[in-house]
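Enquirer: One structure follows; several queries about it will come next.
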Amino acid sequence: MTKAMTEVAFYHLTRSTLEQALPKLLEKTLAAGKRAVVRVASGQRAEDLNVALWTYDPASWLPHGSAQDGAGEDQPVWLTDGDDNPGQASFVFFTDGVTQDDLSAFERAFVLFDGASSAAMTAARAQWKTFKDQGLALTYWQQTDSGGWQKKEA
């Protein structure tokens, strides 16, 4: 039996910050019974997101951790500035222009990028081209005025 090809979804942030959009996507990930690894540009960025995920909504609880917390194999969401995946997550989220060439270990990949940043837009376009050249299934999502997501033609 061959493994299914990784699906890659690009999320173009136009109405909210990463700190506002990421928790909702991670909640959906956990609701689907999946684990996630979130790749960021630096250890400090991982810790900043760690705090943001604990505090984004006082009425919710989103289990997650980072290297500072340890026990990565027990964390359903792992925040990292490396290539580690201690919980064997099947979903990977890329932020801050971070990427990796081989996505075969993942069922789905999500590229979140800031539409107000020309550098982020340029990085996302390069990632799109790389993944398209690999023959991966790509989708493009843009935020709506109501804060939801609409699939667009790329």
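Here's how to read the names in the structure tokens: chain A, B, ... by the order shown, residue numbers from 1 in each chain, ligand numbers from 1 in the order shown.
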Quick one: residues within 10 Å of segment 48-60 of chain A, only C-alpha atoms counted, chain neighbours fewer than 4 positions away excluded, as a PDB file with C-alpha atoms, in the first residue's frame?
Expert:
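So selection-v7.pdb came out as:
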ATOM      1  CA  LEU A  18      -0.760  34.480  13.120  1.00  0.00           C
ATOM      2  CA  GLU A  19      -1.437  34.553  16.867  1.00  0.00           C
ATOM      3  CA  GLN A  20      -5.152  35.037  16.150  1.00  0.00           C
ATOM      4  CA  LEU A  22      -3.289  29.676  14.368  1.00  0.00           C
ATOM      5  CA  PRO A  23      -5.262  28.661  17.493  1.00  0.00           C
ATOM      6  CA  LYS A  24      -8.451  28.079  15.516  1.00  0.00           C
ATOM      7  CA  LEU A  26      -4.979  23.941  15.724  1.00  0.00           C
ATOM      8  CA  GLU A  27      -8.341  23.461  17.469  1.00  0.00           C
ATOM      9  CA  VAL A  38       4.342  24.112  14.308  1.00  0.00           C
ATOM     10  CA  VAL A  40       8.773  28.754  13.550  1.00  0.00           C
ATOM     11  CA  SER A  42      13.393  30.984  16.277  1.00  0.00           C
ATOM     12  CA  GLY A  43      13.247  29.604  19.794  1.00  0.00           C
ATOM     13  CA  GLN A  44      11.989  32.976  20.997  1.00  0.00           C
ATOM     14  CA  HIS A  64       0.627  22.223  23.444  1.00  0.00           C
ATOM     15  CA  GLY A  65       4.265  22.575  24.361  1.00  0.00           C
ATOM     16  CA  SER A  66       7.771  23.474  23.246  1.00  0.00           C
ATOM     17  CA  GLN A  68      11.147  24.697  27.162  1.00  0.00           C
ATOM     18  CA  ASP A  69       8.245  22.549  28.404  1.00  0.00           C
ATOM     19  CA  TRP A  78       4.577  20.891  19.366  1.00  0.00           C
ATOM     20  CA  LEU A  79       6.126  24.317  18.735  1.00  0.00           C
ATOM     21  CA  THR A  80       9.678  24.213  17.404  1.00  0.00           C
TER      22      THR A  80
END
Enquirer: Quick one: DSSP strand (DSSP E) residues in segment 94-153 of chain A, as an MDAnalysis selection string?
Expert: chainID A and resid 94 108:114 137:143 149:152
Enquirer: Return as a list in words the full set of residues in segment 47-154 of chain A whose backbone-based DSSP assignment is alpha helix (DSSP H).
Expert: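 Taking segment 47-154 of chain A and keeping alpha helix (DSSP H) gives Glu47, Asp48, Leu49, Asn50, Val51, Ala52, Leu53, Trp54, Thr55, Ser118, Ala119, Ala120, Met121, Thr122, Ala123, Ala124, Arg125, Ala126, Gln127, Trp128, Lys129, Thr130, Phe131, Lys132 and Asp133 of chain A.
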Enquirer: Write a file of the selected residues as a compact mmCIF listing (two decimals), in the first residue's frame, keeping N, CA and C atoms.
Expert:
# COMPACT_ATOMS: atom_id res chain seq x y z
N GLU A 47 8.48 30.37 21.90
CA GLU A 47 8.02 30.70 23.26
C GLU A 47 6.94 31.78 23.23
N ASP A 48 7.05 32.75 22.31
CA ASP A 48 6.02 33.77 22.18
C ASP A 48 4.69 33.13 21.76
N LEU A 49 4.74 32.20 20.81
CA LEU A 49 3.52 31.49 20.39
C LEU A 49 3.00 30.60 21.51
N ASN A 50 3.91 30.03 22.28
CA ASN A 50 3.52 29.19 23.42
C ASN A 50 2.63 30.00 24.36
N VAL A 51 3.05 31.20 24.69
CA VAL A 51 2.27 32.08 25.56
C VAL A 51 0.95 32.46 24.89
N ALA A 52 1.01 32.80 23.60
CA ALA A 52 -0.20 33.21 22.88
C ALA A 52 -1.24 32.10 22.85
N LEU A 53 -0.80 30.85 22.71
CA LEU A 53 -1.75 29.73 22.66
C LEU A 53 -2.38 29.46 24.03
N TRP A 54 -1.69 29.82 25.10
CA TRP A 54 -2.29 29.66 26.43
C TRP A 54 -3.28 30.77 26.74
N THR A 55 -3.12 31.92 26.11
CA THR A 55 -3.89 33.09 26.53
C THR A 55 -4.86 33.63 25.49
N SER A 118 5.64 42.01 2.30
CA SER A 118 6.14 41.61 0.98
C SER A 118 7.14 40.47 1.08
N ALA A 119 7.92 40.43 2.16
CA ALA A 119 8.88 39.33 2.34
C ALA A 119 8.14 38.01 2.55
N ALA A 120 7.05 38.05 3.34
CA ALA A 120 6.27 36.84 3.58
C ALA A 120 5.59 36.38 2.30
N MET A 121 5.10 37.30 1.50
CA MET A 121 4.46 36.96 0.23
C MET A 121 5.48 36.32 -0.72
N THR A 122 6.68 36.87 -0.78
CA THR A 122 7.72 36.33 -1.64
C THR A 122 8.11 34.93 -1.19
N ALA A 123 8.25 34.73 0.11
CA ALA A 123 8.60 33.41 0.64
C ALA A 123 7.50 32.40 0.33
N ALA A 124 6.23 32.80 0.48
CA ALA A 124 5.11 31.90 0.21
C ALA A 124 5.07 31.52 -1.27
N ARG A 125 5.34 32.45 -2.15
CA ARG A 125 5.37 32.14 -3.58
C ARG A 125 6.48 31.13 -3.90
N ALA A 126 7.63 31.30 -3.26
CA ALA A 126 8.73 30.36 -3.48
C ALA A 126 8.35 28.97 -2.96
N GLN A 127 7.69 28.91 -1.79
CA GLN A 127 7.25 27.64 -1.25
C GLN A 127 6.23 26.99 -2.18
N TRP A 128 5.30 27.77 -2.70
CA TRP A 128 4.29 27.26 -3.63
C TRP A 128 4.97 26.60 -4.83
N LYS A 129 5.94 27.31 -5.42
CA LYS A 129 6.63 26.79 -6.59
C LYS A 129 7.37 25.49 -6.26
N THR A 130 8.05 25.47 -5.13
CA THR A 130 8.79 24.26 -4.73
C THR A 130 7.85 23.08 -4.58
N PHE A 131 6.74 23.27 -3.87
CA PHE A 131 5.80 22.18 -3.64
C PHE A 131 5.08 21.77 -4.92
N LYS A 132 4.78 22.74 -5.78
CA LYS A 132 4.13 22.43 -7.06
C LYS A 132 5.08 21.60 -7.93
N ASP A 133 6.36 21.99 -7.95
CA ASP A 133 7.36 21.25 -8.73
C ASP A 133 7.51 19.81 -8.22
Enquirer: Counting only C-alpha atoms, what are the residues of segment 9-60 of chain A within 9 Å of segment 142-150 of chain A, and for each of them which pair of atoms is the nearest and at what distance in Å, to one decimal? Sort the table by chain and rising number, as a Markdown table.
Expert:
| residue | atom | partner | partner_atom | distance |
| --- | --- | --- | --- | --- |
| A:Phe10 | CA | A:Gln142 | CA | 8.4 |
| A:Tyr11 | CA | A:Gln142 | CA | 6.0 |
| A:His12 | CA | A:Gln142 | CA | 4.9 |
| A:Leu13 | CA | A:Gln143 | CA | 6.1 |
| A:Thr14 | CA | A:Gln143 | CA | 5.9 |
| A:Arg15 | CA | A:Gln143 | CA | 6.3 |
| A:Ser16 | CA | A:Gly147 | CA | 7.5 |
| A:Ala21 | CA | A:Gly147 | CA | 8.7 |
Enquirer: To one decimal in Å, tell me the separation between atom CA of Arg39 of chain A and atom CA of Asp96 of chain A.
Expert: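 Going from atom CA of Arg39 of chain A over to atom CA of Asp96 of chain A covers 8.4 Å.
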Enquirer: What does the distance from atom CA of Ala105 of chain A to atom CA of Lys28 of chain A come to in Å, to one decimal?
Expert: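 These atoms are spaced 20.1 Å apart.
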Enquirer: For Phe91 of chain A, please output as an NGL selection string all residues within 12 Å (counting only C-alpha atoms; exclusion window: fewer than 3 positions along the same chain).
Expert: :A and (6-9 or 25-26 or 28-30 or 32-39 or 76-78 or 85 or 87-88 or 94 or 103-111)
